[in-house]
file work_7.cif (mmCIF, C-alpha atoms)
data_work
loop_
_atom_site.label_atom_id
_atom_site.label_comp_id
_atom_site.auth_asym_id
_atom_site.auth_seq_id
_atom_site.Cartn_x
_atom_site.Cartn_y
_atom_site.Cartn_z
CA MET A 1 16.63 -1.36 12.49
CA LEU A 2 16.89 2.39 11.84
CA ASP A 3 15.18 2.10 8.46
CA ARG A 4 12.05 0.81 10.18
CA VAL A 5 11.82 3.84 12.49
CA ILE A 6 10.37 6.80 10.63
CA GLU A 7 11.61 9.26 13.28
CA ALA A 8 15.22 8.25 12.60
CA ASN A 9 15.09 10.47 9.52
CA TYR A 10 13.75 13.58 11.26
CA PRO A 11 16.05 16.62 10.98
CA LEU A 12 18.41 17.30 13.87
CA THR A 13 16.45 20.48 14.59
CA PHE A 14 13.48 18.33 15.77
CA HIS A 15 12.68 19.17 19.44
CA GLN A 16 16.07 20.86 19.48
CA GLU A 17 15.88 22.42 22.95
CA GLU A 18 14.70 19.22 24.61
CA ALA A 19 17.28 17.09 22.76
CA LYS A 20 20.06 19.46 23.77
CA GLU A 21 19.04 19.38 27.45
CA LEU A 22 18.64 15.59 27.50
CA GLY A 23 22.04 15.18 25.82
CA LYS A 24 23.69 17.39 28.43
CA HIS A 25 22.32 15.29 31.29
CA LEU A 26 23.30 12.01 29.61
CA LYS A 27 26.84 13.31 29.10
CA ASN A 28 26.97 13.99 32.85
CA ARG A 29 25.31 10.59 33.55
CA HIS A 30 22.33 12.12 35.36
CA ALA A 31 19.11 10.18 35.81
CA VAL A 32 16.34 12.03 33.96
CA VAL A 33 12.55 12.14 34.04
CA LEU A 34 10.86 13.36 30.85
CA ILE A 35 7.49 14.81 31.86
CA GLY A 36 4.61 15.81 29.62
CA MET A 37 0.87 15.57 29.27
CA LYS A 38 -0.40 12.16 28.17
CA LYS A 39 0.23 11.39 24.48
CA VAL A 40 1.97 14.74 23.91
CA GLY A 41 4.65 13.04 21.83
CA ILE A 42 7.41 12.03 24.27
CA SER A 43 7.64 8.57 22.67
CA ASN A 44 7.82 10.22 19.24
CA PHE A 45 10.68 12.43 20.48
CA LEU A 46 12.49 9.45 22.00
CA ARG A 47 12.23 7.36 18.84
CA PHE A 48 14.02 10.25 17.14
CA PHE A 49 16.59 10.61 19.93
CA LEU A 50 17.28 6.87 20.20
CA ASN A 51 17.50 6.09 16.49
CA ASN A 52 19.00 9.10 14.72
CA LYS A 53 22.66 8.15 14.23
CA ASP A 54 23.87 11.75 14.60
CA ILE A 55 22.34 12.35 18.07
CA PRO A 56 25.32 11.31 20.27
CA GLY A 57 27.84 13.42 18.37
CA THR A 58 25.50 16.41 18.16
CA TYR A 59 23.88 16.57 21.60
CA ILE A 60 25.97 14.41 23.92
CA GLN A 61 29.27 15.50 22.34
CA ASP A 62 31.22 12.72 24.00
CA TYR A 63 33.95 10.62 22.44
CA LYS A 64 32.76 7.60 24.41
CA LYS A 65 30.32 5.10 22.92
CA HIS A 66 26.73 5.28 24.10
CA LEU A 67 24.41 2.27 24.14
CA PHE A 68 20.72 3.10 24.37
CA ILE A 69 18.36 0.47 25.81
CA SER A 70 14.68 1.18 25.15
CA ILE A 71 12.21 -0.49 27.54
CA GLU A 72 8.63 0.19 26.39
CA LEU A 73 6.47 -0.53 29.44
CA ASN A 74 3.35 -0.67 27.31
CA ASP A 75 4.68 -4.14 26.46
CA LEU A 76 3.92 -5.26 30.03
CA VAL A 77 0.68 -7.22 30.44
CA GLU A 78 1.14 -7.22 34.22
CA CYS A 79 2.48 -3.99 35.68
CA GLU A 80 4.31 -5.76 38.48
CA ILE A 81 7.92 -5.74 39.69
CA ALA A 82 8.98 -9.22 38.50
CA PRO A 83 7.70 -8.77 34.90
CA PHE A 84 9.31 -5.31 34.85
CA TRP A 85 12.79 -6.70 35.57
CA THR A 86 12.31 -9.62 33.17
CA LEU A 87 11.34 -7.21 30.38
CA THR A 88 14.31 -4.98 31.26
CA LEU A 89 16.74 -7.88 30.98
CA LYS A 90 15.18 -8.97 27.67
CA ARG A 91 15.54 -5.46 26.22
CA ILE A 92 19.21 -5.41 27.25
CA VAL A 93 19.65 -8.63 25.28
CA ASP A 94 17.84 -7.06 22.30
CA ALA A 95 19.93 -3.88 22.46
CA VAL A 96 23.35 -5.55 22.51
CA GLU A 97 22.43 -7.49 19.36
CA GLU A 98 22.30 -4.16 17.50
CA TYR A 99 25.81 -3.09 18.55
CA PRO A 100 29.27 -4.39 17.54
CA ILE A 101 29.88 -6.06 20.90
CA ASP A 102 32.04 -9.18 21.17
CA GLU A 103 29.93 -12.25 20.32
CA LYS A 104 31.16 -14.00 23.46
CA ILE A 105 29.75 -11.18 25.62
CA LYS A 106 26.45 -11.26 23.72
CA LYS A 107 26.17 -14.97 24.41
CA GLN A 108 26.88 -14.48 28.12
CA ILE A 109 24.12 -11.85 28.34
CA ARG A 110 21.69 -14.10 26.45
CA ASN A 111 22.48 -16.91 28.87
CA LEU A 112 21.76 -14.66 31.85
CA PHE A 113 18.30 -14.00 30.43
CA LEU A 114 17.59 -17.68 29.69
CA GLU A 115 18.68 -18.72 33.18
CA SER A 116 16.52 -16.03 34.76
CA ILE A 117 13.49 -17.36 32.85
CA GLN A 118 14.21 -20.88 34.08
CA LEU A 119 14.78 -19.92 37.72
CA GLN A 120 11.94 -17.37 37.98
CA ASP A 121 13.82 -15.75 40.88
CA LEU A 122 13.44 -11.97 41.24
CA PHE A 123 16.78 -11.41 42.96
CA PHE A 124 18.61 -13.43 40.32
CA THR A 125 16.91 -11.44 37.54
CA ILE A 126 17.86 -8.09 39.11
CA ASP A 127 21.44 -9.29 39.62
CA SER A 128 21.50 -10.47 35.99
CA VAL A 129 20.54 -6.94 34.88
CA ARG A 130 23.44 -5.61 36.95
CA LEU A 131 25.90 -8.17 35.53
CA ALA A 132 24.73 -7.59 31.94
CA LEU A 133 25.28 -3.84 32.31
CA LEU A 134 28.76 -4.44 33.76
CA LYS A 135 29.66 -6.58 30.75
CA ILE A 136 28.47 -3.79 28.44
CA THR A 137 30.58 -1.13 30.17
CA GLU A 138 33.59 -3.46 30.10
CA GLN A 139 33.23 -3.29 26.31
CA GLY A 140 33.69 0.49 26.48
CA TYR A 141 30.01 1.49 26.22
CA LEU A 142 27.95 3.84 28.37
CA PRO A 143 24.53 2.19 28.86
CA THR A 144 21.40 4.32 29.27
CA MET A 145 18.09 2.60 30.00
CA PHE A 146 14.97 4.41 28.80
CA PHE A 147 11.89 3.33 30.79
CA ILE A 148 9.11 4.57 28.50
CA ARG A 149 5.64 5.09 30.03
CA PHE A 150 7.02 4.46 33.49
CA ASP A 151 3.82 5.90 34.99
CA ARG A 152 2.19 2.51 34.25
CA MET A 153 4.22 1.17 37.22
CA ARG A 154 2.89 3.73 39.69
CA ASP A 155 0.94 1.20 41.79
CA ALA A 156 3.73 -1.39 41.90
CA VAL A 157 6.95 0.46 42.69
CA THR A 158 8.31 0.44 46.23
CA PRO A 159 11.31 1.98 48.02
CA GLU A 160 13.07 -1.36 47.46
CA PHE A 161 12.53 -1.05 43.70
CA PHE A 162 14.40 2.26 43.51
CA ALA A 163 16.97 0.99 46.00
CA ASN A 164 17.76 -1.71 43.44
CA LEU A 165 18.16 0.92 40.72
CA GLU A 166 20.42 2.97 42.95
CA GLY A 167 22.36 -0.21 43.77
CA ILE A 168 22.96 -0.81 40.06
CA ARG A 169 24.29 2.73 39.71
CA ALA A 170 26.41 2.40 42.84
CA THR A 171 28.25 -0.61 41.41
CA ASN A 172 28.41 0.81 37.87
CA GLN A 173 28.79 4.57 37.66
CA GLN A 174 28.60 4.45 33.86
CA VAL A 175 24.90 3.41 33.91
CA THR A 176 22.06 5.90 33.97
CA PHE A 177 18.29 5.93 33.54
CA VAL A 178 15.66 7.96 31.70
CA PHE A 179 12.01 7.68 32.74
CA THR A 180 8.96 9.09 30.96
CA SER A 181 5.83 10.04 32.89
CA TYR A 182 2.82 12.32 32.65
CA GLN A 183 3.58 13.57 36.19
CA PRO A 184 6.79 14.25 38.12
CA LEU A 185 7.69 11.07 40.01
CA LYS A 186 7.53 12.98 43.28
CA ARG A 187 3.80 13.53 42.70
CA LEU A 188 3.16 10.21 40.99
CA ILE A 189 4.63 8.04 43.75
CA PRO A 190 5.25 10.42 46.69
CA LEU A 191 5.78 7.77 49.38
CA VAL A 192 8.56 5.85 47.64
CA PHE A 193 11.60 8.08 48.21
CA PRO A 194 13.17 9.91 51.11
CA LYS A 195 12.75 13.59 50.33
CA THR A 196 16.49 14.19 50.38
CA SER A 197 17.13 11.94 47.37
CA TRP A 198 14.95 13.77 44.83
CA ALA A 199 17.25 16.60 43.83
CA VAL A 200 20.28 14.32 43.60
CA PHE A 201 18.81 11.32 41.78
CA PHE A 202 16.47 12.90 39.20
CA LYS A 203 16.64 15.77 36.75
CA ASN A 204 13.19 16.75 35.43
CA ILE A 205 12.76 17.82 31.80
CA TYR A 206 9.31 19.02 30.75
CA ILE A 207 8.33 18.16 27.18
CA PRO A 208 5.70 20.69 25.98
CA PRO A 209 3.58 20.31 22.83
CA ALA A 210 5.72 20.46 19.71
CA LYS A 211 6.60 23.70 17.96
CA LYS A 212 4.97 24.39 14.60
CA GLU A 213 8.03 23.32 12.60
CA ASP A 214 8.22 20.05 14.58
CA ILE A 215 4.53 19.25 14.14
CA GLU A 216 4.96 19.88 10.41
CA THR A 217 7.83 17.36 10.40
CA ILE A 218 5.51 14.76 11.97
CA PHE A 219 2.72 15.64 9.54
CA ASN A 220 4.97 15.26 6.51
CA ALA A 221 6.32 11.94 7.80
CA TYR A 222 2.90 10.39 8.33
CA LYS A 223 0.63 11.99 5.73
CA LYS A 224 1.61 9.49 3.01
CA ASN A 225 0.61 6.58 5.24
CA PHE A 226 -2.87 8.07 5.57
CA GLY A 227 -3.21 9.34 2.01
CA VAL A 228 -4.21 12.79 3.28
CA ILE A 229 -4.32 15.76 0.91
CA LEU A 230 -5.05 19.19 2.37
CA SER A 231 -4.77 22.67 0.96
CA GLU A 232 -1.98 24.78 2.46
CA GLU A 233 -4.59 26.92 4.23
CA LEU A 234 -6.31 23.92 5.87
CA LYS A 235 -3.00 22.25 6.67
CA HIS A 236 -1.78 25.25 8.65
CA TYR A 237 -5.17 25.62 10.31
CA LEU A 238 -4.91 21.95 11.35
CA PHE A 239 -1.54 22.76 12.96
CA GLU A 240 -3.22 25.65 14.78
CA ILE A 241 -6.05 23.40 16.01
CA VAL A 242 -3.85 20.61 17.37
CA ASP A 243 -1.35 23.18 18.72
CA GLY A 244 1.62 20.81 18.82
CA TYR A 245 -0.19 17.89 20.47
CA THR A 246 0.96 14.78 18.61
CA GLN A 247 -1.98 12.53 19.42
CA TYR A 248 -4.51 15.10 18.18
CA LEU A 249 -2.54 15.38 14.94
CA GLN A 250 -2.40 11.62 14.40
CA LEU A 251 -6.08 11.16 15.24
CA ALA A 252 -6.93 14.02 12.87
CA LEU A 253 -4.98 12.26 10.10
CA ILE A 254 -6.94 9.07 10.77
CA TYR A 255 -10.20 11.03 10.62
CA LEU A 256 -9.21 12.75 7.36
CA HIS A 257 -8.25 9.37 5.88
CA ASP A 258 -11.66 7.90 6.78
CA LYS A 259 -13.65 10.89 5.54
CA LYS A 260 -15.01 10.38 2.04
CA GLU A 261 -15.65 13.98 1.00
CA PRO A 262 -12.85 16.58 1.03
CA LEU A 263 -13.09 19.37 3.58
CA LYS A 264 -13.58 22.86 2.21
CA THR A 265 -13.55 25.28 5.15
CA LYS A 266 -11.75 25.85 8.45
CA GLU A 267 -15.06 25.83 10.29
CA GLU A 268 -15.93 22.41 8.89
CA LEU A 269 -12.54 20.99 9.88
CA LEU A 270 -12.77 22.29 13.45
CA LYS A 271 -16.39 21.13 13.92
CA ASP A 272 -15.69 17.66 12.56
CA LEU A 273 -12.65 17.14 14.77
CA ILE A 274 -14.44 18.40 17.88
CA ASN A 275 -17.26 15.91 17.23
CA ASP A 276 -14.96 12.95 16.51
CA GLU A 277 -15.35 10.33 19.26
CA ARG A 278 -11.67 9.39 19.25
CA ILE A 279 -10.59 12.97 19.82
CA SER A 280 -13.26 13.49 22.50
CA LEU A 281 -12.01 10.40 24.33
CA GLN A 282 -8.44 11.69 24.13
CA SER A 283 -9.52 15.06 25.55
CA GLU A 284 -11.26 13.28 28.41
CA GLU A 285 -8.11 11.27 29.14
CA LEU A 286 -6.15 14.51 29.37
CA TRP A 287 -8.78 15.99 31.68
CA GLU A 288 -8.85 12.99 34.01
CA SER A 289 -5.06 12.91 34.26
CA LEU A 290 -5.28 16.22 36.15
CA ASP A 291 -5.97 16.76 39.84
CA LYS A 292 -8.84 18.93 41.08
CA ASN A 293 -6.69 22.03 41.48
CA CYS A 294 -5.62 21.86 37.84
CA GLN A 295 -9.16 21.13 36.61
CA ASN A 296 -10.59 24.08 38.54
CA THR A 297 -7.85 26.35 37.18
CA LEU A 298 -8.68 25.32 33.61
CA LEU A 299 -12.39 26.00 34.20
CA LYS A 300 -11.58 29.49 35.47
CA ILE A 301 -9.34 30.23 32.48
CA ALA A 302 -12.01 28.91 30.09
CA ASN A 303 -14.57 31.24 31.68
CA GLY A 304 -12.24 34.25 31.59
CA LYS A 305 -11.94 34.51 35.39
CA LYS A 306 -8.93 35.96 37.15
CA LEU A 307 -6.58 33.51 38.86
CA LEU A 308 -5.26 34.00 42.38
CA SER A 309 -1.51 33.55 42.81
CA GLU A 310 -2.12 30.62 45.16
CA GLU A 311 -4.30 28.90 42.55
CA LYS A 312 -1.53 29.21 39.98
CA ARG A 313 1.04 27.91 42.45
CA LYS A 314 -1.03 24.79 43.16
CA SER A 315 -1.55 24.11 39.46
CA ILE A 316 1.86 25.18 38.08
CA TYR A 317 1.98 21.77 36.35
CA LEU A 318 -0.37 23.24 33.70
CA TRP A 319 2.18 25.89 32.71
CA ASN A 320 5.16 23.53 32.96
CA THR A 321 3.61 21.00 30.58
CA GLY A 322 1.95 23.46 28.18
CA PHE A 323 -1.71 22.86 29.05
CA VAL A 324 -1.81 26.62 29.63
CA ARG A 325 -0.08 29.12 27.35
CA VAL A 326 0.75 32.74 28.12
CA SER A 327 0.24 35.71 25.81
CA GLY A 328 1.18 38.99 27.42
CA ALA A 329 -0.78 39.18 30.66
CA ASN A 330 -3.32 36.58 29.53
CA ASN A 331 -3.47 32.83 30.09
CA TYR A 332 -5.21 30.60 27.57
CA ILE A 333 -5.79 26.86 27.13
CA PHE A 334 -3.68 25.10 24.50
CA SER A 335 -5.39 23.58 21.43
CA LYS A 336 -8.87 24.59 20.27
CA LEU A 337 -9.90 20.95 20.64
CA PHE A 338 -9.05 20.74 24.33
CA GLU A 339 -10.29 24.27 24.98
CA ASP A 340 -13.69 23.35 23.56
CA PHE A 341 -13.77 20.19 25.72
CA VAL A 342 -13.09 22.23 28.88
CA LYS A 343 -15.73 24.83 27.98
CA GLN A 344 -18.34 22.12 27.44
CA LYS A 345 -17.41 20.16 30.57
CA ASP A 346 -19.96 21.68 32.95
CA LYS A 347 -22.71 22.01 30.36
CA GLU A 348 -22.65 18.41 29.16
CA GLU A 349 -21.98 16.47 32.36
CA SER A 350 -25.63 15.93 33.33
CA VAL A 351 -26.60 15.02 29.75
CA LYS A 352 -23.79 12.46 29.51
CA GLU A 353 -24.77 10.78 32.75
CA ALA A 354 -28.39 10.39 31.67
CA ASN A 355 -27.69 9.08 28.16
CA SER A 356 -28.03 5.30 27.81
CA GLU A 357 -27.39 5.10 24.07
CA PHE A 358 -24.11 3.54 22.98
CA SER A 359 -21.63 5.62 21.03
CA LYS A 360 -20.03 4.06 17.94
CA LYS A 361 -17.06 2.57 19.79
CA GLU A 362 -19.21 1.51 22.76
CA ASN A 363 -21.53 -0.32 20.39
CA ILE A 364 -18.61 -2.08 18.65
CA LEU A 365 -17.26 -3.14 22.06
CA PHE A 366 -20.63 -4.45 23.31
CA ASN A 367 -21.22 -6.43 20.09
CA PHE A 368 -17.71 -7.86 20.37
CA PHE A 369 -18.52 -9.04 23.90
CA LEU A 370 -21.83 -10.51 22.68
CA GLU A 371 -20.06 -12.47 19.94
CA ASN A 372 -17.71 -13.87 22.58
CA LYS A 373 -20.19 -14.23 25.45
CA ASP A 374 -18.83 -16.20 28.44
CA LYS A 375 -15.33 -16.13 26.89
CA ILE A 376 -12.37 -14.07 28.07
CA CYS A 377 -11.71 -11.14 25.73
CA GLU A 378 -8.08 -10.19 26.20
CA ARG A 379 -7.02 -6.55 26.16
CA GLU A 380 -4.97 -7.06 22.99
CA GLN A 381 -8.06 -8.47 21.23
CA ILE A 382 -10.11 -5.49 22.37
CA ILE A 383 -7.53 -3.04 21.02
CA GLU A 384 -7.43 -4.86 17.68
CA LYS A 385 -11.23 -4.84 17.41
CA ILE A 386 -12.06 -1.38 18.76
CA TRP A 387 -8.98 0.62 17.78
CA PRO A 388 -7.61 -1.05 14.62
CA GLU A 389 -6.76 2.36 13.17
CA GLU A 390 -4.88 3.39 16.32
CA GLU A 391 -3.10 0.22 17.35
CA TYR A 392 0.32 1.39 16.15
CA LEU A 393 -0.15 4.69 18.04
CA GLY A 394 -0.57 2.85 21.32
CA VAL A 395 -3.88 2.61 23.16
CA SER A 396 -3.62 3.51 26.84
CA ASP A 397 -4.90 1.50 29.79
CA TRP A 398 -7.11 4.48 30.60
CA ALA A 399 -8.83 4.42 27.19
CA ILE A 400 -9.68 0.72 27.49
CA ASP A 401 -10.84 0.98 31.09
CA LYS A 402 -12.90 4.10 30.36
CA LEU A 403 -14.72 2.52 27.43
CA ILE A 404 -15.46 -0.58 29.53
CA ALA A 405 -16.77 1.62 32.35
CA ARG A 406 -19.06 3.50 29.95
CA VAL A 407 -20.54 0.30 28.55
CA ARG A 408 -21.07 -1.06 32.08
CA SER A 409 -22.80 2.16 33.11
CA LYS A 410 -25.09 2.19 30.09
CA LEU A 411 -25.98 -1.47 30.50
CA LYS A 412 -27.25 -0.59 33.99
CA LEU A 413 -29.20 2.37 32.63
CA GLN A 414 -30.75 0.05 30.03
CA LYS A 415 -31.72 -2.31 32.91
CA ASN A 416 -30.57 -5.50 31.22
CA ASN A 417 -28.98 -8.52 32.88
CA TYR A 418 -25.59 -8.49 31.20
CA GLU A 419 -22.47 -8.07 33.33
CA ILE A 420 -18.90 -7.36 32.26
CA GLN A 421 -16.46 -9.15 34.56
CA THR A 422 -12.82 -8.13 34.91
CA ILE A 423 -10.40 -11.05 34.58
CA LYS A 424 -7.19 -9.89 36.27
CA THR A 425 -4.13 -9.64 33.98
CA ARG A 426 -6.17 -11.05 31.06
CA GLY A 427 -9.12 -8.91 30.05
CA TYR A 428 -12.91 -9.04 30.38
CA LYS A 429 -15.82 -11.44 30.03
CA LEU A 430 -19.53 -10.78 29.32
CA THR A 431 -21.93 -12.90 31.34
CA GLY A 432 -25.71 -12.94 31.89
CA VAL A 433 -28.79 -13.35 29.70
#

call {"tool": "encode", "arguments": {"input": "work_7.cif", "output": "structure tokens"}}
result
Amino acid sequence: MLDRVIEANYPLTFHQEEAKELGKHLKNRHAVVLIGMKKVGISNFLRFFLNNKDIPGTYIQDYKKHLFISIELNDLVECEIAPFWTLTLKRIVDAVEEYPIDEKIKKQIRNLFLESIQLQDLFFTIDSVRLALLKITEQGYLPTMFFIRFDRMRDAVTPEFFANLEGIRATNQQVTFVFTSYQPLKRLIPLVFPKTSWAVFFKNIYIPPAKKEDIETIFNAYKKNFGVILSEELKHYLFEIVDGYTQYLQLALIYLHDKKEPLKTKEELLKDLINDERISLQSEELWESLDKNCQNTLLKIANGKKLLSEEKRKSIYLWNTGFVRVSGANNYIFSKLFEDFVKQKDKEESVKEANSEFSKKENILFNFFLENKDKICEREQIIEKIWPEEEYLGVSDWAIDKLIARVRSKLKLQKNNYEIQTIKTRGYKLTGV
């Protein structure tokens, strides 16, 4: 398995501070929330942390055996409670197959999953998760469940959901959880917990954009896949442009792979990346993940205006996650790509709203719908058609929904009779003449 994960071979110095802090909390069996801006590279960091064989001995420094269970919530078609627990149980089954656990125990855990599928009973599935984890600890392992992209569950979780998690921990003190989210859970789902439980149950770790040496590690790992050749000068300028943001780097590599003529100047590289639709869409996703306080703070920083202490307090998330950097007494926006997006935000808004012409990806999406008129186009099909170059990076719900919304809006501006219907849990369908 490790040979198939490119991050398993990253040096142990990769995201060293974050790995050290996470290891400390896992040693103490704390529940952890890893928080960072969308697509900043938390999943990239976790693939390293989960798959590098030297991590437990280096950062957890515990003689006991650790068993990591990775639950990628992007695998959920329906972001509902029952599918969540079914996926969790399945990933426990998958994880134990990779460890030297007694075959009899593996079979018992597999049978729990098969029975839960047959019964389709939520309480039985949750209890099966509890029993499976008990069987793992009886084998001398410390299980940690990593719920990756947990923010996808924001509209489904309830106090009962976390009560079940706490119940699992109450009956098995060796189990702990790691969540990833673009917001602290207290802000993401504020009504779920009693206020008194926050400090005890969760330890927040902010994952900022990667340091230069870490972004170079990612670049070197992926550049062969894209066949990218850059001069040393342009390579280091690329690192400066993306400023540690993993998704910008990977999208830039895709752009450079697609470009036929080699780039010659820094100015050309920056201009081309700013104008790339994929990068613009990613910048917009970052922008829309922020609340109004944070957006207004970024606009003030972009325009060189002085911030009031109360404004900074209300938007401290920007500093915690690395959206805003500090140099001496000055604040500045991370990444030239995102900084340019923020600066253009006010200027371009009215033009964008009035434009009825399809962009490249919007046109591909509309033609795909036309080819499949009156048929359901599932989200997976849309990703494969519209984002073939990005599928392995992971395409967010936001990106799909945003592109659909843009096409809908422009169809209205064009005054045609086509309508894009949403088919719940499946995808979309184009109807009309």

call {"tool": "resolve_selection", "arguments": {"input": "work_7.cif", "expression": "the PyMOL selection byres ((chain A and resi 288) around 12)", "output": "JSON, numbers by chain"}}
result
{"A": [37, 38, 182, 281, 282, 283, 284, 285, 286, 287, 289, 290, 291, 292, 293, 294, 295, 342, 345, 398, 399, 402]}

call {"tool": "resolve_selection", "arguments": {"input": "work_7.cif", "expression": "the PyMOL selection byres ((chain A and resi 418) around 7)", "output": "PyMOL selection string"}}
result
chain A and resi 416-417+419-420+430-433

call {"tool": "closest_residue", "arguments": {"input": "work_7.cif", "among": "A:Thr246, A:Thr422, A:Gln183, A:Ser356", "to": "Ile35 of chain A", "atoms": "only C-alpha atoms"}}
result
A:Gln183

call {"tool": "resolve_selection", "arguments": {"input": "work_7.cif", "expression": "the PyMOL selection byres ((chain A and resi 146) around 7)", "output": "PyMOL selection string"}}
result
chain A and resi 69-71+144-145+147-148+177-179

call {"tool": "closest_residue", "arguments": {"input": "work_7.cif", "among": "A:Tyr59, A:Tyr317, A:Phe14, A:Trp85", "to": "Ser116 of chain A", "atoms": "all atoms listed in the file"}}
result
A:Trp85

call {"tool": "closest_residue", "arguments": {"input": "work_7.cif", "among": "A:Lys20, A:Lys224, A:Lys300, A:Lys65", "to": "Ile6 of chain A", "atoms": "only C-alpha atoms"}}
result
A:Lys224

call {"tool": "residues_around", "arguments": {"input": "work_7.cif", "residues": "Ile383 of chain A", "least_positions_apart": "2", "cutoff": "10 Å", "atoms": "all atoms listed in the file", "output": "short mmCIF file (atom, residue, chain, number, x, y, z; two decimals) with C-alpha atoms, in the frame of the given file"}}
result
data_model
loop_
_atom_site.label_atom_id
_atom_site.label_comp_id
_atom_site.auth_asym_id
_atom_site.auth_seq_id
_atom_site.Cartn_x
_atom_site.Cartn_y
_atom_site.Cartn_z
CA LEU A 365 -17.26 -3.14 22.06
CA GLU A 378 -8.08 -10.19 26.20
CA ARG A 379 -7.02 -6.55 26.16
CA GLU A 380 -4.97 -7.06 22.99
CA GLN A 381 -8.06 -8.47 21.23
CA LYS A 385 -11.23 -4.84 17.41
CA ILE A 386 -12.06 -1.38 18.76
CA TRP A 387 -8.98 0.62 17.78
CA PRO A 388 -7.61 -1.05 14.62
CA GLU A 389 -6.76 2.36 13.17
CA GLU A 390 -4.88 3.39 16.32
CA GLU A 391 -3.10 0.22 17.35
CA GLY A 394 -0.57 2.85 21.32
CA VAL A 395 -3.88 2.61 23.16
CA SER A 396 -3.62 3.51 26.84
CA ALA A 399 -8.83 4.42 27.19
CA ILE A 400 -9.68 0.72 27.49
#

call {"tool": "closest_residue", "arguments": {"input": "work_7.cif", "among": "A:Asn330, A:Ala19, A:Glu97, A:Val40", "to": "Ile215 of chain A", "atoms": "all atoms listed in the file"}}
result
A:Val40

call {"tool": "residues_around", "arguments": {"input": "work_7.cif", "residues": "Ile105 of chain A", "least_positions_apart": "5", "cutoff": "10 Å", "atoms": "all atoms listed in the file", "output": "ChimeraX atom specification"}}
result
/A:96,110-111,132,135-136,138-139

call {"tool": "write_last_selection", "arguments": {"input": "work_7.cif", "atoms": "C-alpha atoms", "output": "short mmCIF file (atom, residue, chain, number, x, y, z; two decimals), keeping the file's coordinate frame"}}
result
data_model
loop_
_atom_site.label_atom_id
_atom_site.label_comp_id
_atom_site.auth_asym_id
_atom_site.auth_seq_id
_atom_site.Cartn_x
_atom_site.Cartn_y
_atom_site.Cartn_z
CA VAL A 96 23.35 -5.55 22.51
CA ARG A 110 21.69 -14.10 26.45
CA ASN A 111 22.48 -16.91 28.87
CA ALA A 132 24.73 -7.59 31.94
CA LYS A 135 29.66 -6.58 30.75
CA ILE A 136 28.47 -3.79 28.44
CA GLU A 138 33.59 -3.46 30.10
CA GLN A 139 33.23 -3.29 26.31
#

call {"tool": "closest_residue", "arguments": {"input": "work_7.cif", "among": "A:Ser335, A:Asn296, A:Ser327, A:Gln16", "to": "Tyr237 of chain A", "atoms": "only C-alpha atoms"}}
result
A:Ser335

call {"tool": "build_atoms", "arguments": {"input": "work_7.cif", "residues": "segment 403-414 of chain A", "atoms": "N, CA and C atoms", "output": "short mmCIF file (atom, residue, chain, number, x, y, z; two decimals), keeping the file's coordinate frame"}}
result
data_model
loop_
_atom_site.label_atom_id
_atom_site.label_comp_id
_atom_site.auth_asym_id
_atom_site.auth_seq_id
_atom_site.Cartn_x
_atom_site.Cartn_y
_atom_site.Cartn_z
N LEU A 403 -13.69 3.02 28.33
CA LEU A 403 -14.72 2.52 27.43
C LEU A 403 -15.50 1.38 28.09
N ILE A 404 -14.79 0.50 28.79
CA ILE A 404 -15.46 -0.58 29.53
C ILE A 404 -16.41 0.01 30.57
N ALA A 405 -15.94 1.00 31.30
CA ALA A 405 -16.77 1.62 32.35
C ALA A 405 -18.03 2.25 31.76
N ARG A 406 -17.90 2.88 30.59
CA ARG A 406 -19.06 3.50 29.95
C ARG A 406 -20.09 2.46 29.54
N VAL A 407 -19.61 1.35 28.96
CA VAL A 407 -20.54 0.30 28.55
C VAL A 407 -21.23 -0.31 29.77
N ARG A 408 -20.48 -0.54 30.84
CA ARG A 408 -21.07 -1.06 32.08
C ARG A 408 -22.17 -0.13 32.59
N SER A 409 -21.84 1.17 32.60
CA SER A 409 -22.80 2.16 33.11
C SER A 409 -24.08 2.18 32.27
N LYS A 410 -23.92 2.11 30.96
CA LYS A 410 -25.09 2.19 30.09
C LYS A 410 -25.90 0.90 30.10
N LEU A 411 -25.24 -0.22 30.35
CA LEU A 411 -25.98 -1.47 30.50
C LEU A 411 -26.90 -1.40 31.72
N LYS A 412 -26.42 -0.77 32.79
CA LYS A 412 -27.25 -0.59 33.99
C LYS A 412 -28.42 0.34 33.70
N LEU A 413 -28.13 1.44 32.97
CA LEU A 413 -29.20 2.37 32.63
C LEU A 413 -30.26 1.71 31.74
N GLN A 414 -29.82 0.77 30.90
CA GLN A 414 -30.75 0.05 30.03
C GLN A 414 -31.49 -1.07 30.77
#
